[in-house]
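Everything below belongs to my_file34.cif, which stores mmCIF, C-alpha atoms.
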data_query
loop_
_atom_site.label_atom_id
_atom_site.label_comp_id
_atom_site.auth_asym_id
_atom_site.auth_seq_id
_atom_site.Cartn_x
_atom_site.Cartn_y
_atom_site.Cartn_z
CA MET F 1009 22.84 5.99 -20.86
CA GLU F 1010 25.24 3.35 -19.59
CA PRO F 1011 24.30 1.25 -16.56
CA HIS F 1012 24.97 3.04 -13.28
CA ARG F 1013 26.79 0.63 -10.98
CA THR F 1014 26.00 2.05 -7.59
CA SER F 1015 27.78 -0.58 -5.53
CA ASP F 1016 28.99 -4.15 -5.46
CA LEU F 1017 26.11 -4.65 -3.04
CA LEU F 1018 23.48 -3.53 -5.51
CA PRO F 1019 22.61 -4.74 -9.04
CA SER F 1020 22.91 -2.28 -11.89
CA ILE F 1021 20.22 0.18 -12.78
CA ARG F 1022 20.07 2.48 -15.77
CA ILE F 1023 18.97 6.08 -15.33
CA HIS F 1024 18.01 7.65 -18.64
CA LYS F 1025 18.33 11.31 -19.57
CA ASP F 1026 14.59 11.76 -19.14
CA SER F 1027 15.01 10.48 -15.53
CA ARG F 1028 13.32 7.19 -16.34
CA VAL F 1029 14.77 4.38 -14.22
CA GLU F 1030 15.40 0.95 -15.70
CA ARG F 1031 16.21 -1.86 -13.26
CA LEU F 1032 18.43 -4.41 -14.95
CA SER F 1033 17.68 -7.20 -12.47
CA GLY F 1034 15.25 -8.05 -9.70
CA ASN F 1035 12.25 -7.55 -11.99
CA ASP F 1036 10.89 -11.11 -12.03
CA VAL F 1037 7.66 -11.70 -10.16
CA ILE F 1038 5.74 -14.70 -8.91
CA PRO F 1039 1.96 -14.30 -9.17
CA ALA F 1040 -0.22 -14.86 -6.14
CA SER F 1041 -2.15 -18.12 -6.10
CA LEU F 1042 -5.15 -19.43 -4.21
CA ASP F 1043 -4.08 -22.90 -5.29
CA PRO F 1044 -1.66 -24.19 -2.64
CA GLN F 1045 2.00 -23.80 -3.57
CA ASN F 1046 4.35 -25.39 -1.01
CA ASP F 1047 1.27 -25.76 1.22
CA VAL F 1048 0.74 -21.98 1.22
CA VAL F 1049 -1.93 -19.86 -0.49
CA THR F 1050 -1.35 -16.22 -1.40
CA LYS F 1051 -3.22 -13.19 -2.62
CA ASN F 1052 -2.52 -9.51 -3.21
CA VAL F 1053 -4.63 -6.79 -1.59
CA VAL F 1054 -4.37 -3.05 -2.30
CA TYR F 1055 -3.74 -1.10 0.90
CA SER F 1056 -2.95 2.27 -0.68
CA PRO F 1057 -5.10 3.10 -3.70
CA GLU F 1058 -3.49 6.54 -3.78
CA HIS F 1059 -0.08 5.08 -4.60
CA ASN F 1060 -1.30 1.77 -6.10
CA LEU F 1061 0.48 -0.26 -3.43
CA SER F 1062 -0.41 -3.77 -2.33
CA ILE F 1063 0.44 -6.24 0.37
CA ARG F 1064 0.89 -9.93 -0.38
CA LEU F 1065 -0.84 -12.20 2.10
CA PHE F 1066 0.60 -15.65 2.83
CA LEU F 1067 -1.63 -18.20 4.56
CA PRO F 1068 -0.90 -21.83 5.46
CA HIS F 1069 -3.28 -24.01 3.46
CA LYS F 1070 -3.99 -26.09 6.55
CA SER F 1071 -5.38 -22.99 8.31
CA THR F 1072 -8.65 -23.66 6.52
CA LYS F 1073 -9.08 -26.44 9.08
CA LEU F 1074 -8.59 -24.25 12.16
CA ALA F 1075 -10.98 -24.77 15.03
CA ALA F 1076 -13.62 -22.11 15.50
CA GLY F 1077 -12.08 -19.01 17.05
CA GLU F 1078 -8.51 -20.23 16.62
CA LYS F 1079 -6.11 -17.53 15.40
CA LEU F 1080 -2.66 -17.36 13.82
CA HIS F 1081 0.18 -15.10 14.88
CA LEU F 1082 0.72 -12.29 12.39
CA LEU F 1083 3.99 -11.37 10.67
CA ILE F 1084 4.40 -8.02 8.88
CA TYR F 1085 7.47 -8.18 6.63
CA PHE F 1086 9.49 -5.49 4.83
CA HIS F 1087 11.74 -6.64 2.00
CA GLY F 1088 15.32 -5.51 1.38
CA GLY F 1089 16.94 -4.13 -1.75
CA ALA F 1090 18.51 -0.84 -0.66
CA TYR F 1091 15.12 0.92 -1.05
CA ILE F 1092 15.67 0.58 -4.81
CA MET F 1093 15.27 -3.08 -5.82
CA GLU F 1094 12.94 -6.04 -5.24
CA SER F 1095 9.34 -6.28 -4.03
CA PRO F 1096 7.09 -8.70 -2.12
CA PHE F 1097 6.43 -10.35 -5.48
CA SER F 1098 10.10 -11.07 -6.26
CA PRO F 1099 10.88 -14.80 -6.35
CA VAL F 1100 13.42 -14.62 -3.51
CA TYR F 1101 11.02 -12.84 -1.16
CA HIS F 1102 7.93 -14.77 -2.19
CA ASP F 1103 9.73 -18.07 -1.63
CA TYR F 1104 11.27 -16.93 1.65
CA LEU F 1105 7.96 -15.78 3.13
CA ALA F 1106 6.18 -18.90 1.90
CA GLU F 1107 8.71 -21.06 3.73
CA VAL F 1108 8.43 -18.95 6.91
CA VAL F 1109 4.65 -19.27 6.82
CA LYS F 1110 4.70 -22.99 6.14
CA THR F 1111 7.21 -23.63 8.93
CA SER F 1112 5.79 -21.31 11.59
CA ASN F 1113 2.08 -21.64 10.75
CA CYS F 1114 1.54 -17.89 10.76
CA LEU F 1115 -0.33 -15.39 8.62
CA ALA F 1116 2.16 -13.09 6.86
CA VAL F 1117 1.77 -9.68 5.28
CA SER F 1118 4.59 -8.74 2.89
CA VAL F 1119 4.58 -5.00 2.22
CA GLN F 1120 5.12 -3.23 -1.08
CA TYR F 1121 6.46 0.30 -0.70
CA ARG F 1122 7.45 2.98 -3.17
CA ARG F 1123 11.06 2.62 -4.27
CA ALA F 1124 13.82 5.11 -4.91
CA PRO F 1125 15.09 6.85 -6.93
CA GLU F 1126 11.66 7.60 -8.43
CA HIS F 1127 10.30 8.03 -4.90
CA PRO F 1128 13.14 9.11 -2.60
CA ILE F 1129 13.33 8.53 1.14
CA PRO F 1130 11.18 8.99 3.22
CA ALA F 1131 8.52 7.55 0.86
CA ALA F 1132 9.38 3.96 1.86
CA TYR F 1133 8.92 4.78 5.55
CA GLU F 1134 5.66 6.64 4.95
CA ASP F 1135 4.25 3.73 2.96
CA SER F 1136 5.40 1.18 5.52
CA TRP F 1137 3.64 3.02 8.34
CA SER F 1138 0.55 3.33 6.19
CA ALA F 1139 0.64 -0.44 5.67
CA ILE F 1140 0.96 -1.07 9.41
CA ARG F 1141 -1.97 1.21 10.13
CA TRP F 1142 -3.99 -0.57 7.44
CA VAL F 1143 -3.20 -3.98 8.94
CA PHE F 1144 -4.06 -2.79 12.45
CA SER F 1145 -7.38 -1.41 11.21
CA HIS F 1146 -8.43 -5.07 11.22
CA SER F 1147 -7.75 -5.57 14.94
CA ASP F 1148 -11.46 -5.20 15.77
CA GLY F 1149 -12.38 -7.77 13.12
CA PHE F 1150 -14.01 -5.25 10.81
CA GLY F 1151 -11.27 -4.39 8.33
CA GLU F 1152 -11.29 -4.75 4.55
CA GLU F 1153 -9.57 -8.13 4.32
CA VAL F 1154 -11.34 -11.26 5.55
CA TRP F 1155 -8.19 -13.35 6.12
CA ILE F 1156 -6.83 -10.77 8.56
CA ASN F 1157 -10.22 -10.20 10.22
CA GLU F 1158 -10.85 -13.87 10.85
CA LEU F 1159 -7.40 -15.37 11.33
CA ALA F 1160 -4.93 -12.79 12.71
CA ASP F 1161 -4.14 -12.82 16.43
CA PHE F 1162 -3.37 -9.19 17.22
CA GLY F 1163 -1.94 -10.21 20.56
CA ARG F 1164 0.90 -11.86 18.63
CA VAL F 1165 2.04 -9.40 15.96
CA PHE F 1166 5.64 -9.49 14.77
CA VAL F 1167 7.38 -7.02 12.45
CA ALA F 1168 10.47 -8.10 10.53
CA GLY F 1169 12.70 -7.36 7.58
CA ASP F 1170 16.15 -7.79 6.11
CA SER F 1171 18.69 -5.14 5.08
CA ALA F 1172 16.74 -1.96 4.22
CA GLY F 1173 13.63 -3.78 5.42
CA ALA F 1174 15.25 -4.35 8.82
CA ASN F 1175 16.04 -0.64 9.00
CA ILE F 1176 12.40 0.08 8.18
CA SER F 1177 11.30 -2.38 10.87
CA HIS F 1178 13.27 -0.44 13.48
CA HIS F 1179 11.72 2.87 12.49
CA MET F 1180 8.24 1.35 12.43
CA ALA F 1181 8.74 0.09 15.98
CA ILE F 1182 9.95 3.53 17.07
CA ARG F 1183 6.88 5.16 15.56
CA ALA F 1184 4.63 2.49 17.07
CA GLY F 1185 6.04 3.43 20.46
CA LYS F 1186 5.61 7.15 19.91
CA GLU F 1187 2.06 6.82 18.62
CA LYS F 1188 1.15 4.12 21.14
CA LEU F 1189 0.04 1.65 18.49
CA ASN F 1190 -2.56 -0.64 19.97
CA PRO F 1191 -2.41 -3.61 20.27
CA ARG F 1192 1.31 -3.47 20.96
CA ILE F 1193 3.77 -5.19 18.64
CA LYS F 1194 5.00 -8.38 20.26
CA GLY F 1195 8.43 -8.55 18.62
CA VAL F 1196 10.68 -7.11 15.92
CA ALA F 1197 13.22 -9.19 13.99
CA MET F 1198 15.99 -7.28 12.17
CA VAL F 1199 18.09 -9.48 9.90
CA HIS F 1200 21.32 -7.88 8.65
CA PRO F 1201 19.95 -4.39 9.33
CA GLY F 1202 21.03 -1.63 6.95
CA PHE F 1203 22.42 0.97 9.35
CA TRP F 1204 25.42 3.13 8.42
CA SER F 1205 27.38 6.28 9.27
CA LYS F 1206 30.15 8.47 7.88
CA ASP F 1207 32.60 7.13 10.46
CA PRO F 1208 33.08 3.48 11.49
CA VAL F 1209 31.30 2.57 14.71
CA ASP F 1210 34.40 0.76 16.05
CA GLU F 1211 37.82 -0.47 14.99
CA LYS F 1212 36.33 -3.67 13.53
CA ASP F 1213 33.86 -1.80 11.34
CA VAL F 1214 34.61 -1.33 7.63
CA GLN F 1215 37.67 0.89 7.21
CA ASP F 1216 38.00 0.59 3.43
CA GLU F 1217 37.15 4.00 1.99
CA ARG F 1218 36.12 2.50 -1.35
CA ILE F 1219 33.42 0.39 0.31
CA ARG F 1220 32.30 3.24 2.54
CA SER F 1221 31.96 5.54 -0.47
CA GLN F 1222 29.97 2.87 -2.33
CA VAL F 1223 27.45 2.64 0.50
CA ALA F 1224 27.27 6.44 0.57
CA GLU F 1225 26.61 6.43 -3.17
CA VAL F 1226 23.73 4.00 -2.79
CA TRP F 1227 22.22 6.12 -0.02
CA GLU F 1228 22.57 9.28 -2.12
CA LEU F 1229 20.62 7.56 -4.88
CA ALA F 1230 17.90 6.49 -2.42
CA SER F 1231 17.83 9.74 -0.45
CA PRO F 1232 19.23 12.62 -2.50
CA ASN F 1233 17.73 15.21 -0.16
CA SER F 1234 19.59 14.05 2.95
CA VAL F 1235 21.46 17.08 4.32
CA ASP F 1236 23.89 14.93 6.30
CA GLY F 1237 24.37 12.16 3.74
CA VAL F 1238 24.79 8.79 5.44
CA ASP F 1239 24.57 10.48 8.83
CA ASP F 1240 20.89 11.04 8.10
CA PRO F 1241 18.99 9.75 11.19
CA TRP F 1242 17.03 7.35 8.95
CA LEU F 1243 20.32 5.53 8.21
CA ASN F 1244 22.61 6.44 11.09
CA VAL F 1245 20.69 4.97 13.99
CA VAL F 1246 23.70 3.61 15.88
CA GLY F 1247 26.07 6.57 15.84
CA SER F 1248 23.51 9.35 16.07
CA GLY F 1249 22.07 10.76 19.24
CA SER F 1250 18.68 9.25 18.51
CA ASP F 1251 16.86 7.79 21.50
CA ILE F 1252 15.77 4.22 20.82
CA SER F 1253 14.53 3.42 24.33
CA GLY F 1254 10.94 3.93 23.20
CA LEU F 1255 10.98 1.00 20.79
CA GLY F 1256 7.35 -0.08 20.73
CA CYS F 1257 7.68 -3.83 21.15
CA GLU F 1258 8.37 -6.44 23.81
CA ARG F 1259 11.13 -8.46 22.12
CA VAL F 1260 13.86 -7.85 19.54
CA LEU F 1261 15.95 -10.24 17.47
CA VAL F 1262 19.05 -8.85 15.74
CA ALA F 1263 20.77 -11.21 13.29
CA VAL F 1264 24.15 -10.26 11.84
CA ALA F 1265 26.70 -11.89 9.53
CA GLY F 1266 30.44 -11.73 10.11
CA LYS F 1267 31.32 -10.99 6.47
CA ASP F 1268 28.54 -8.44 6.00
CA VAL F 1269 29.70 -4.82 5.68
CA PHE F 1270 26.73 -3.88 7.89
CA GLY F 1271 27.60 -6.47 10.55
CA ARG F 1272 29.34 -4.18 13.04
CA GLN F 1273 26.52 -1.67 12.74
CA GLY F 1274 24.06 -4.42 13.64
CA LEU F 1275 26.05 -5.38 16.72
CA GLY F 1276 26.37 -1.69 17.59
CA TYR F 1277 22.61 -1.33 17.36
CA ALA F 1278 22.09 -4.23 19.75
CA ALA F 1279 24.58 -2.74 22.21
CA LYS F 1280 22.90 0.67 22.00
CA LEU F 1281 19.47 -0.85 22.56
CA GLU F 1282 20.70 -2.79 25.57
CA LYS F 1283 22.06 0.38 27.17
CA SER F 1284 19.13 2.59 26.18
CA GLY F 1285 16.78 1.75 29.01
CA TRP F 1286 14.37 -0.06 26.69
CA ARG F 1287 12.48 -2.60 28.75
CA GLY F 1288 12.32 -5.68 26.60
CA GLU F 1289 14.01 -8.94 25.71
CA LEU F 1290 16.93 -8.78 23.27
CA GLU F 1291 18.38 -11.71 21.32
CA VAL F 1292 21.46 -11.40 19.10
CA VAL F 1293 22.70 -14.10 16.71
CA GLU F 1294 25.75 -13.99 14.44
CA GLU F 1295 26.87 -16.24 11.60
CA GLU F 1296 30.57 -15.37 11.36
CA GLU F 1297 31.38 -16.93 7.97
CA GLU F 1298 28.44 -15.53 6.00
CA GLY F 1299 27.74 -12.33 4.09
CA HIS F 1300 24.85 -9.93 3.65
CA CYS F 1301 21.44 -11.63 3.26
CA PHE F 1302 22.99 -15.03 2.56
CA HIS F 1303 19.79 -16.66 3.82
CA ILE F 1304 17.73 -15.02 1.08
CA HIS F 1305 20.05 -15.78 -1.83
CA ASN F 1306 21.19 -19.25 -0.72
CA ALA F 1307 18.10 -20.37 1.13
CA ASN F 1308 18.92 -24.08 1.27
CA SER F 1309 22.40 -23.75 2.74
CA GLU F 1310 23.06 -25.17 6.19
CA ASN F 1311 23.48 -21.74 7.76
CA ALA F 1312 20.38 -20.38 6.04
CA LEU F 1313 18.32 -23.24 7.45
CA LYS F 1314 19.83 -22.54 10.86
CA LEU F 1315 18.84 -18.88 10.64
CA MET F 1316 15.36 -19.86 9.45
CA LYS F 1317 14.97 -21.99 12.57
CA THR F 1318 16.06 -19.08 14.77
CA PHE F 1319 13.69 -16.69 13.01
CA VAL F 1320 10.72 -19.07 13.22
CA GLU F 1321 11.39 -19.79 16.89
CA PHE F 1322 11.41 -16.05 17.56
CA ILE F 1323 8.02 -15.41 15.97
CA SER F 1324 6.48 -18.71 17.05
CA PRO F 1325 8.41 -20.63 19.73
CA SER F 1326 6.16 -23.68 19.55
CA SER F 1327 6.52 -24.12 15.77
CA VAL F 1328 10.01 -25.62 15.71
CA GLU F 1329 10.89 -28.83 17.45
CA GLU F 1330 13.99 -28.72 19.57
#
Could I get this structure in the form of structure tokens?
Amino acid sequence: MEPHRTSDLLPSIRIHKDSRVERLSGNDVIPASLDPQNDVVTKNVVYSPEHNLSIRLFLPHKSTKLAAGEKLHLLIYFHGGAYIMESPFSPVYHDYLAEVVKTSNCLAVSVQYRRAPEHPIPAAYEDSWSAIRWVFSHSDGFGEEVWINELADFGRVFVAGDSAGANISHHMAIRAGKEKLNPRIKGVAMVHPGFWSKDPVDEKDVQDERIRSQVAEVWELASPNSVDGVDDPWLNVVGSGSDISGLGCERVLVAVAGKDVFGRQGLGYAAKLEKSGWRGELEVVEEEEEGHCFHIHNANSENALKLMKTFVEFISPSSVEE
């Protein structure tokens, strides 16, 4: 079968007649290493034997010299890729998290979740919540993984993601609020969040029907069982009647890009959160001349370094010099 080009926003995949899915890009992986790479050590740990899913742990090499009892703030990260591509082991996400960890001096957990179309929505959300519960099972110091037991400060837990991962981060925070996750999540960072709807959220939102249909096509591939298409509450957070006032965290960072098709949705989300009655601190940053996930794919650009600084300051204010 010929490659199925779902969108300009998404690399090609090939779906064979026997339903086998072949990803034509985004398949490279970087192995974990206990030998310091960029001053960071990494290892993979299975959190879901049932689905053969792992998290990748990132630890600053210098943390081996922490004083007795000293802890690191904990970052739980969900990668992007339209629920279809990439993983925590992809070079772009491995390198990004390694730099975050090196710069902020945190312990990071990058979550692998089942991907569509083999595992349609809501599998990614179910796995992500399972990963959060697994991480929080270490909060008493008696979990499966020694790095988390000994080094994670559960009073300073941050959840973050980009694109689809930012969408997942929102829904994880909502569920954390509903289920009264304890300890409470300190902050959630959503970078270029993947929210969408059938109709534009305002006059500055994407009006081009070709682009809107492309996004709808991607969502249909990821979530073929959605009755309302892109108005599915998993995707349409801004325009739906969903109540987001119960977001289970103290602080939120929303980062948007002016040339990103999801940019107006991100700003709409921030506006909705501000009006919702949620009692927390909201920060919104916008890079007007950049596109979707520019900081991941052009990590050394001036604006990417600027966004990195903002992100690191959010999860660890003392880590970046003014």
Closest of F:Trp1142, F:Phe1319, F:Phe1166, F:Phe1270 to Ser1205 of chain F - atom-to-atom distances counting only C-alpha atoms: F:Phe1270
With the cut-off set at 12 Å and counting only C-alpha atoms, tabulate each residue of segment 1147-1174 of chain F with an atom at most that distance from an atom of segment 1264-1268 of chain F, showing the nearest atom pair and its distance in Å to one decimal, ordered by chain and increasing number, as CSV.
residue,atom,partner,partner_atom,distance
F:Asp1170,CA,F:Val1264,CA,10.1
F:Ser1171,CA,F:Val1264,CA,10.1
F:Ala1174,CA,F:Val1264,CA,11.1
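If you apply the PyMOL selection byres ((chain F and resi 1276) around 10) to this structure, you end up with Phe1203, Val1209, Asp1210, Asp1213, Val1245, Val1246, Gly1247, Phe1270, Gly1271, Arg1272, Gln1273, Gly1274, Leu1275, Tyr1277, Ala1278, Ala1279, Lys1280, Leu1281 and Glu1282 of chain F.
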Evaluate the PyMOL selection byres ((chain F and resi 1049-1066) around 10) and report residues as a PyMOL selection string: chain F and resi 1039-1048+1067-1071+1083-1085+1095-1097+1102+1105-1110+1114-1122+1135+1138-1143+1152-1153+1155-1156
Atom pair atom CA of Tyr1101 of chain F / atom CA of Phe1144 of chain F: separation (Å): 22.7 Å
The PyMOL selection byres ((chain F and resi 1149) around 12) resolved against shown file, as JSON, numbers by chain: {"F": [1077, 1079, 1143, 1144, 1145, 1146, 1147, 1148, 1150, 1151, 1152, 1153, 1154, 1155, 1156, 1157, 1158, 1159, 1160, 1161, 1162]}
Residue nearest Ser1112 of chain F - candidates F:Lys1025, F:Gly1173, F:His1081, F:Leu1189, atoms counted: all atoms listed in the file: F:His1081
Nearest to Arg1028 of chain F by atom-to-atom distance, counting all atoms listed in the file, from F:Ala1124, F:Ile1252, F:Ile1129, F:Met1180: F:Ala1124
Cut-off 12 Å around (26.7, -23.0, 8.1) with all atoms listed in the file: residues as an NGL selection string: :F and (1265 or 1294-1299 or 1302-1303 or 1306-1316)
Distance in Å - atom CA of Asp1251 of chain F versus atom CA of Thr1318 of chain F: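 Interatomic distance, atom CA of Asp1251 of chain F to atom CA of Thr1318 of chain F: 27.7 Å.
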Two-atom distance - atom CA of Ala1075 of chain F, atom CA of Val1165 of chain F (Å):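 A separation of 20.2 Å between them.
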Counting all atoms listed in the file, what are the residues of segment 1173-1205 of chain F within 9 Å of segment 1220-1244 of chain F, and for each of them which pair of atoms is the nearest and at what distance in Å, to one decimal? Sort the table by chain and rising number, as a Markdown table.
| residue | atom | partner | partner_atom | distance |
| --- | --- | --- | --- | --- |
| F:Asn1175 | CA | F:Leu1243 | CA | 7.6 |
| F:Ile1176 | CA | F:Trp1242 | CA | 8.7 |
| F:His1179 | CA | F:Trp1242 | CA | 7.8 |
| F:Gly1202 | CA | F:Leu1243 | CA | 7.3 |
| F:Phe1203 | CA | F:Leu1243 | CA | 5.1 |
| F:Trp1204 | CA | F:Asn1244 | CA | 5.1 |
| F:Ser1205 | CA | F:Asp1239 | CA | 5.1 |
F:His1024, F:Arg1218, F:Arg1164, F:Arg1287 ranked by distance to Gly1195 of chain F, top pick (using all atoms listed in the file):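 Closest to Gly1195 of chain F, using all atoms listed in the file: F:Arg1164.
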All residues 12 Å or closer to Asn1035 of chain F, all atoms listed in the file, same chain fewer than 4 positions away omitted, as a list of chain:residue names: F:Pro1019, F:Ser1020, F:Ile1021, F:Glu1030, F:Arg1031, F:Gly1089, F:Ile1092, F:Met1093, F:Glu1094, F:Ser1095, F:Pro1096, F:Phe1097, F:Ser1098, F:Pro1099, F:Val1100
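Closest approach to Gly1288 of chain F among F:Met1198, F:Ile1193, F:Ile1023, F:Glu1321: F:Ile1193, based on only C-alpha atoms.
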Would you mind completing segment 1309-1318 of chain F to all heavy atoms and writing the output as a CSV table (one decimal), in the coordinates of the input?
chain,number,residue,atom,x,y,z
F,1309,SER,N,21.1,-23.5,2.1
F,1309,SER,CA,22.4,-23.8,2.7
F,1309,SER,C,22.2,-24.1,4.2
F,1309,SER,O,21.2,-23.8,4.8
F,1309,SER,CB,23.3,-22.5,2.6
F,1309,SER,OG,22.9,-21.5,3.4
F,1310,GLU,N,23.2,-24.8,4.8
F,1310,GLU,CA,23.1,-25.2,6.2
F,1310,GLU,C,22.9,-24.0,7.1
F,1310,GLU,O,22.0,-24.0,8.0
F,1310,GLU,CB,24.3,-25.9,6.6
F,1310,GLU,CG,24.3,-26.4,8.0
F,1310,GLU,CD,25.6,-27.2,8.4
F,1310,GLU,OE1,26.4,-27.5,7.5
F,1310,GLU,OE2,25.8,-27.5,9.6
F,1311,ASN,N,23.6,-22.9,6.9
F,1311,ASN,CA,23.5,-21.7,7.8
F,1311,ASN,C,22.2,-21.0,7.5
F,1311,ASN,O,21.6,-20.4,8.5
F,1311,ASN,CB,24.7,-20.8,7.6
F,1311,ASN,CG,25.9,-21.4,8.2
F,1311,ASN,OD1,25.9,-22.1,9.1
F,1311,ASN,ND2,27.1,-21.0,7.6
F,1312,ALA,N,21.7,-21.0,6.3
F,1312,ALA,CA,20.4,-20.4,6.0
F,1312,ALA,C,19.3,-21.1,6.8
F,1312,ALA,O,18.4,-20.5,7.3
F,1312,ALA,CB,20.1,-20.3,4.5
F,1313,LEU,N,19.3,-22.4,6.7
F,1313,LEU,CA,18.3,-23.2,7.4
F,1313,LEU,C,18.4,-23.0,9.0
F,1313,LEU,O,17.4,-23.0,9.7
F,1313,LEU,CB,18.5,-24.7,7.1
F,1313,LEU,CG,18.3,-25.1,5.6
F,1313,LEU,CD1,18.6,-26.5,5.4
F,1313,LEU,CD2,16.8,-24.8,5.2
F,1314,LYS,N,19.6,-22.8,9.4
F,1314,LYS,CA,19.8,-22.5,10.9
F,1314,LYS,C,19.2,-21.2,11.2
F,1314,LYS,O,18.5,-21.1,12.3
F,1314,LYS,CB,21.3,-22.5,11.1
F,1314,LYS,CG,21.7,-22.2,12.6
F,1314,LYS,CD,23.2,-22.2,12.7
F,1314,LYS,CE,23.7,-21.7,14.1
F,1314,LYS,NZ,25.2,-21.7,14.1
F,1315,LEU,N,19.4,-20.2,10.4
F,1315,LEU,CA,18.8,-18.9,10.6
F,1315,LEU,C,17.3,-18.9,10.5
F,1315,LEU,O,16.6,-18.3,11.3
F,1315,LEU,CB,19.4,-17.8,9.7
F,1315,LEU,CG,18.9,-16.4,9.9
F,1315,LEU,CD1,19.2,-15.9,11.3
F,1315,LEU,CD2,19.7,-15.5,8.9
F,1316,MET,N,16.8,-19.7,9.6
F,1316,MET,CA,15.4,-19.9,9.4
F,1316,MET,C,14.8,-20.4,10.7
F,1316,MET,O,13.7,-19.9,11.2
F,1316,MET,CB,15.0,-20.8,8.3
F,1316,MET,CG,13.6,-21.2,8.2
F,1316,MET,SD,12.4,-19.8,7.8
F,1316,MET,CE,12.7,-19.6,6.0
F,1317,LYS,N,15.4,-21.4,11.3
F,1317,LYS,CA,15.0,-22.0,12.6
F,1317,LYS,C,14.9,-20.9,13.7
F,1317,LYS,O,14.0,-20.8,14.4
F,1317,LYS,CB,15.9,-23.2,13.0
F,1317,LYS,CG,15.5,-23.9,14.2
F,1317,LYS,CD,16.3,-25.1,14.4
F,1317,LYS,CE,15.9,-26.0,15.6
F,1317,LYS,NZ,16.1,-25.3,16.9
F,1318,THR,N,16.0,-20.1,13.8
F,1318,THR,CA,16.1,-19.1,14.8
F,1318,THR,C,14.9,-18.1,14.6
F,1318,THR,O,14.3,-17.7,15.5
F,1318,THR,CB,17.4,-18.4,14.7
F,1318,THR,OG1,18.5,-19.3,15.0
F,1318,THR,CG2,17.5,-17.2,15.7
